[in-house]
2 protein chains.
Amino acid sequence: MSAFDIDSLAFDGRGLIPAIAQTSAGDVLMMAWMNAESLARTLETGEVTYWSRSRGELWRKGATSGHVQRLIELRIDCDRDCLLLIVQQTGPPCHTNRPSCFFTAVRDGREVTLSDPVDGAA
Amino acid sequence: MSAFDIDSLAFDGRGLIPAIAQTSAGDVLMMAWMNAESLARTLETGEVTYWSRSRGELWRKGATSGHVQRLIELRIDCDRDCLLLIVQQTGPPCHTNRPSCFFTAVRDGREVTLSDPVDGAA
(Lines give C-alpha, C1' and ligand atoms only; values in the text may rest on other atoms or scores of the structure.)
Protein backbone atom coordinates (compact mmCIF):
# COMPACT_ATOMS: atom_id res chain seq x y z
CA MET A 1 0.00 0.00 0.00
CA SER A 2 1.26 3.42 -0.89
CA ALA A 3 -0.28 6.85 -0.49
CA PHE A 4 -2.45 7.84 -3.44
CA ASP A 5 -1.20 10.88 -5.34
CA ILE A 6 -3.50 12.40 -7.95
CA ASP A 7 -0.44 13.57 -9.88
CA SER A 8 0.54 9.94 -10.41
CA LEU A 9 -2.38 9.51 -12.81
CA ALA A 10 -1.82 9.66 -16.57
CA PHE A 11 -3.96 12.65 -17.53
CA ASP A 12 -4.15 13.27 -21.26
CA GLY A 13 -2.81 16.31 -23.10
CA ARG A 14 -5.86 18.30 -21.97
CA GLY A 15 -5.30 17.33 -18.34
CA LEU A 16 -8.29 14.96 -18.42
CA ILE A 17 -8.90 11.31 -17.58
CA PRO A 18 -11.99 9.23 -18.43
CA ALA A 19 -14.09 8.11 -15.46
CA ILE A 20 -16.62 5.27 -15.65
CA ALA A 21 -19.40 5.29 -13.06
CA GLN A 22 -20.75 1.91 -11.97
CA THR A 23 -23.08 0.86 -9.17
CA SER A 24 -21.98 -1.74 -6.65
CA ALA A 25 -24.60 -3.99 -8.28
CA GLY A 26 -22.56 -3.87 -11.48
CA ASP A 27 -24.57 -1.50 -13.66
CA VAL A 28 -22.46 0.84 -15.77
CA LEU A 29 -24.21 4.21 -15.56
CA MET A 30 -22.14 6.63 -17.63
CA MET A 31 -18.68 7.76 -18.66
CA ALA A 32 -17.48 11.32 -18.22
CA TRP A 33 -14.20 13.15 -17.74
CA MET A 34 -12.29 14.39 -14.72
CA ASN A 35 -9.35 16.69 -14.24
CA ALA A 36 -7.13 16.75 -11.17
CA GLU A 37 -9.27 19.37 -9.45
CA SER A 38 -12.55 17.53 -10.02
CA LEU A 39 -11.06 14.31 -8.69
CA ALA A 40 -9.67 16.08 -5.62
CA ARG A 41 -13.10 17.61 -5.03
CA THR A 42 -14.73 14.19 -5.42
CA LEU A 43 -12.40 12.60 -2.87
CA GLU A 44 -12.80 15.49 -0.42
CA THR A 45 -16.58 15.70 -0.54
CA GLY A 46 -17.64 12.17 -1.52
CA GLU A 47 -19.87 13.75 -4.19
CA VAL A 48 -18.77 12.82 -7.69
CA THR A 49 -17.62 15.91 -9.58
CA TYR A 50 -16.62 15.71 -13.22
CA TRP A 51 -15.10 18.23 -15.59
CA SER A 52 -17.58 19.46 -18.18
CA ARG A 53 -15.71 19.71 -21.47
CA SER A 54 -18.57 21.58 -23.11
CA ARG A 55 -18.94 24.18 -20.36
CA GLY A 56 -15.27 24.21 -19.34
CA GLU A 57 -16.08 24.03 -15.63
CA LEU A 58 -16.40 21.70 -12.68
CA TRP A 59 -19.60 19.68 -12.90
CA ARG A 60 -20.91 18.32 -9.64
CA LYS A 61 -23.11 15.52 -10.86
CA GLY A 62 -26.69 16.26 -9.91
CA ALA A 63 -26.06 19.90 -8.97
CA THR A 64 -29.03 20.89 -11.12
CA SER A 65 -31.08 17.69 -11.33
CA GLY A 66 -30.54 16.41 -7.80
CA HIS A 67 -29.38 13.13 -9.33
CA VAL A 68 -26.17 13.03 -7.33
CA GLN A 69 -23.56 10.31 -7.22
CA ARG A 70 -21.97 9.42 -3.89
CA LEU A 71 -18.53 7.89 -4.25
CA ILE A 72 -18.22 4.47 -2.67
CA GLU A 73 -14.79 3.59 -4.07
CA LEU A 74 -12.29 4.95 -6.57
CA ARG A 75 -10.45 2.42 -8.71
CA ILE A 76 -7.57 2.99 -11.12
CA ASP A 77 -6.63 0.88 -14.13
CA CYS A 78 -3.26 -0.73 -14.82
CA ASP A 79 -2.10 2.11 -17.08
CA ARG A 80 -3.37 4.74 -14.62
CA ASP A 81 -5.16 6.44 -17.52
CA CYS A 82 -8.76 5.50 -16.68
CA LEU A 83 -10.84 5.63 -13.50
CA LEU A 84 -13.69 3.40 -12.33
CA LEU A 85 -15.98 5.05 -9.80
CA ILE A 86 -18.16 2.76 -7.71
CA VAL A 87 -21.07 5.02 -6.82
CA GLN A 88 -24.43 5.20 -5.15
CA GLN A 89 -26.70 6.92 -7.66
CA THR A 90 -29.69 9.01 -6.63
CA GLY A 91 -32.30 9.15 -9.40
CA PRO A 92 -31.44 8.43 -13.01
CA PRO A 93 -27.86 9.29 -14.05
CA CYS A 94 -28.79 10.10 -17.65
CA HIS A 95 -30.14 13.44 -18.86
CA THR A 96 -32.86 11.41 -20.63
CA ASN A 97 -33.99 10.18 -17.19
CA ARG A 98 -33.03 6.62 -18.01
CA PRO A 99 -31.28 4.33 -15.50
CA SER A 100 -28.11 4.23 -17.61
CA CYS A 101 -26.67 6.37 -20.39
CA PHE A 102 -25.99 3.12 -22.29
CA PHE A 103 -29.62 2.45 -23.14
CA THR A 104 -29.11 1.76 -26.83
CA ALA A 105 -28.02 -1.68 -28.01
CA VAL A 106 -27.13 -2.83 -31.49
CA ARG A 107 -28.79 -6.13 -32.37
CA ASP A 108 -28.77 -7.64 -35.85
CA GLY A 109 -27.54 -4.34 -37.23
CA ARG A 110 -30.37 -2.31 -35.74
CA GLU A 111 -30.58 -0.01 -32.74
CA VAL A 112 -32.78 -1.17 -29.89
CA THR A 113 -33.76 0.96 -26.87
CA LEU A 114 -33.23 -0.99 -23.67
CA SER A 115 -34.99 1.21 -21.14
CA ASP A 116 -37.58 3.95 -20.87
CA PRO A 117 -37.32 7.25 -19.02
CA VAL A 118 -38.16 7.01 -15.34
CA ASP A 119 -40.94 9.32 -14.20
CA GLY A 120 -40.67 11.46 -11.13
CA ALA A 121 -37.30 10.14 -10.10
CA ALA A 122 -35.33 11.77 -7.28
CA MET B 1 -35.55 0.65 -34.31
CA SER B 2 -33.28 2.10 -36.96
CA ALA B 3 -30.32 0.64 -38.81
CA PHE B 4 -27.04 1.18 -36.97
CA ASP B 5 -24.55 3.32 -38.85
CA ILE B 6 -21.00 3.54 -37.47
CA ASP B 7 -20.68 7.02 -38.95
CA SER B 8 -23.46 8.19 -36.61
CA LEU B 9 -21.09 7.86 -33.65
CA ALA B 10 -19.34 10.92 -32.24
CA PHE B 11 -15.69 10.03 -32.79
CA ASP B 12 -13.24 12.53 -31.33
CA GLY B 13 -10.80 14.69 -33.28
CA ARG B 14 -8.49 11.71 -33.68
CA GLY B 15 -11.32 9.55 -35.03
CA LEU B 16 -11.48 7.55 -31.79
CA ILE B 17 -14.18 6.61 -29.29
CA PRO B 18 -13.68 5.08 -25.82
CA ALA B 19 -14.95 1.53 -25.38
CA ILE B 20 -15.62 -0.06 -21.99
CA ALA B 21 -15.55 -3.86 -21.83
CA GLN B 22 -17.82 -5.50 -19.28
CA THR B 23 -18.84 -9.11 -18.70
CA SER B 24 -22.49 -10.07 -18.62
CA ALA B 25 -21.96 -10.72 -14.89
CA GLY B 26 -21.24 -6.99 -14.48
CA ASP B 27 -17.47 -6.92 -14.08
CA VAL B 28 -15.79 -3.99 -15.82
CA LEU B 29 -12.67 -5.45 -17.40
CA MET B 30 -10.92 -2.57 -19.18
CA MET B 31 -11.30 0.57 -21.24
CA ALA B 32 -9.62 1.02 -24.60
CA TRP B 33 -10.20 2.95 -27.81
CA MET B 34 -11.80 2.12 -31.13
CA ASN B 35 -11.87 3.80 -34.49
CA ALA B 36 -14.50 3.17 -37.14
CA GLU B 37 -12.47 0.39 -38.76
CA SER B 38 -11.88 -1.48 -35.51
CA LEU B 39 -15.55 -1.30 -34.62
CA ALA B 40 -16.56 -2.53 -38.07
CA ARG B 41 -14.10 -5.40 -37.70
CA THR B 42 -15.50 -6.20 -34.24
CA LEU B 43 -19.07 -6.33 -35.54
CA GLU B 44 -18.09 -8.41 -38.57
CA THR B 45 -16.02 -10.99 -36.73
CA GLY B 46 -17.48 -10.96 -33.21
CA GLU B 47 -13.90 -10.67 -31.90
CA VAL B 48 -13.32 -7.40 -30.11
CA THR B 49 -10.74 -5.32 -31.97
CA TYR B 50 -9.52 -2.01 -30.57
CA TRP B 51 -7.27 0.68 -31.99
CA SER B 52 -3.86 0.76 -30.36
CA ARG B 53 -2.92 4.39 -29.89
CA SER B 54 0.67 3.49 -28.96
CA ARG B 55 1.25 1.23 -31.96
CA GLY B 56 -1.06 3.08 -34.33
CA GLU B 57 -2.67 -0.11 -35.59
CA LEU B 58 -5.69 -2.38 -35.19
CA TRP B 59 -5.41 -4.44 -32.03
CA ARG B 60 -7.40 -7.64 -31.97
CA LYS B 61 -7.66 -8.26 -28.27
CA GLY B 62 -5.85 -11.49 -27.42
CA ALA B 63 -4.10 -11.79 -30.79
CA THR B 64 -0.82 -12.39 -28.93
CA SER B 65 -1.96 -13.61 -25.51
CA GLY B 66 -4.93 -15.70 -26.58
CA HIS B 67 -7.02 -13.72 -24.10
CA VAL B 68 -9.69 -12.87 -26.65
CA GLN B 69 -12.97 -11.06 -26.11
CA ARG B 70 -16.07 -12.27 -27.90
CA LEU B 71 -18.67 -9.58 -28.39
CA ILE B 72 -22.03 -10.38 -26.88
CA GLU B 73 -23.62 -6.96 -27.34
CA LEU B 74 -22.62 -3.46 -28.36
CA ARG B 75 -24.22 -0.57 -26.47
CA ILE B 76 -24.00 3.16 -27.19
CA ASP B 77 -24.41 6.00 -24.71
CA CYS B 78 -26.85 8.89 -24.96
CA ASP B 79 -24.26 11.25 -26.47
CA ARG B 80 -23.03 8.56 -28.87
CA ASP B 81 -19.47 9.31 -27.76
CA CYS B 82 -18.81 6.21 -25.66
CA LEU B 83 -19.31 2.48 -26.23
CA LEU B 84 -20.07 -0.31 -23.78
CA LEU B 85 -19.09 -3.76 -24.99
CA ILE B 86 -20.67 -6.72 -23.26
CA VAL B 87 -18.11 -9.45 -23.80
CA GLN B 88 -17.19 -13.01 -23.03
CA GLN B 89 -13.57 -12.87 -21.88
CA THR B 90 -11.15 -15.75 -22.32
CA GLY B 91 -8.34 -15.64 -19.75
CA PRO B 92 -7.44 -12.45 -17.95
CA PRO B 93 -8.05 -9.20 -19.86
CA CYS B 94 -5.19 -7.32 -18.22
CA HIS B 95 -1.56 -7.49 -19.32
CA THR B 96 -0.73 -8.10 -15.63
CA ASN B 97 -2.80 -11.32 -15.84
CA ARG B 98 -5.36 -9.96 -13.41
CA PRO B 99 -9.13 -10.47 -13.90
CA SER B 100 -9.68 -6.73 -14.43
CA CYS B 101 -7.46 -3.80 -15.33
CA PHE B 102 -9.11 -1.90 -12.45
CA PHE B 103 -7.35 -3.84 -9.70
CA THR B 104 -6.20 -0.83 -7.70
CA ALA B 105 -8.56 0.85 -5.24
CA VAL B 106 -8.02 3.98 -3.19
CA ARG B 107 -9.09 3.51 0.42
CA ASP B 108 -8.39 6.02 3.17
CA GLY B 109 -5.96 7.79 0.86
CA ARG B 110 -3.89 4.70 0.15
CA GLU B 111 -3.69 2.36 -2.84
CA VAL B 112 -4.89 -1.18 -2.26
CA THR B 113 -4.46 -4.06 -4.73
CA LEU B 114 -7.73 -5.92 -5.15
CA SER B 115 -6.60 -9.01 -7.06
CA ASP B 116 -3.55 -11.10 -7.81
CA PRO B 117 -2.31 -12.28 -11.18
CA VAL B 118 -3.94 -15.48 -12.36
CA ASP B 119 -1.52 -18.33 -13.16
CA GLY B 120 -1.72 -20.37 -16.29
CA ALA B 121 -4.87 -18.72 -17.56
CA ALA B 122 -6.06 -19.36 -21.12
# chains A, B, ... in the order shown; residues from 1 in each chain; ligands from 1
>>> interface_residues(of="chain B", to="chain A", cutoff="9 Å", atoms="only C-alpha atoms", output="PyMOL selection string")
chain B and resi 1-5+18+20+22+25-28+30-31+43+73-79+82-84+94-96+100-113
>>> select_by_dssp(residues="region 8-90 of chain A", states="helix (DSSP H, G or I)", output="PyMOL selection string")
chain A and resi 8+36-45
>>> atom_distance(atom1="CA of Leu39 (chain A)", atom2="CA of Gly15 (chain A)")
11.6 Å
>>> atom_distance(atom1="CA of Trp59 (chain A)", atom2="CA of Ala36 (chain A)")
12.9 Å
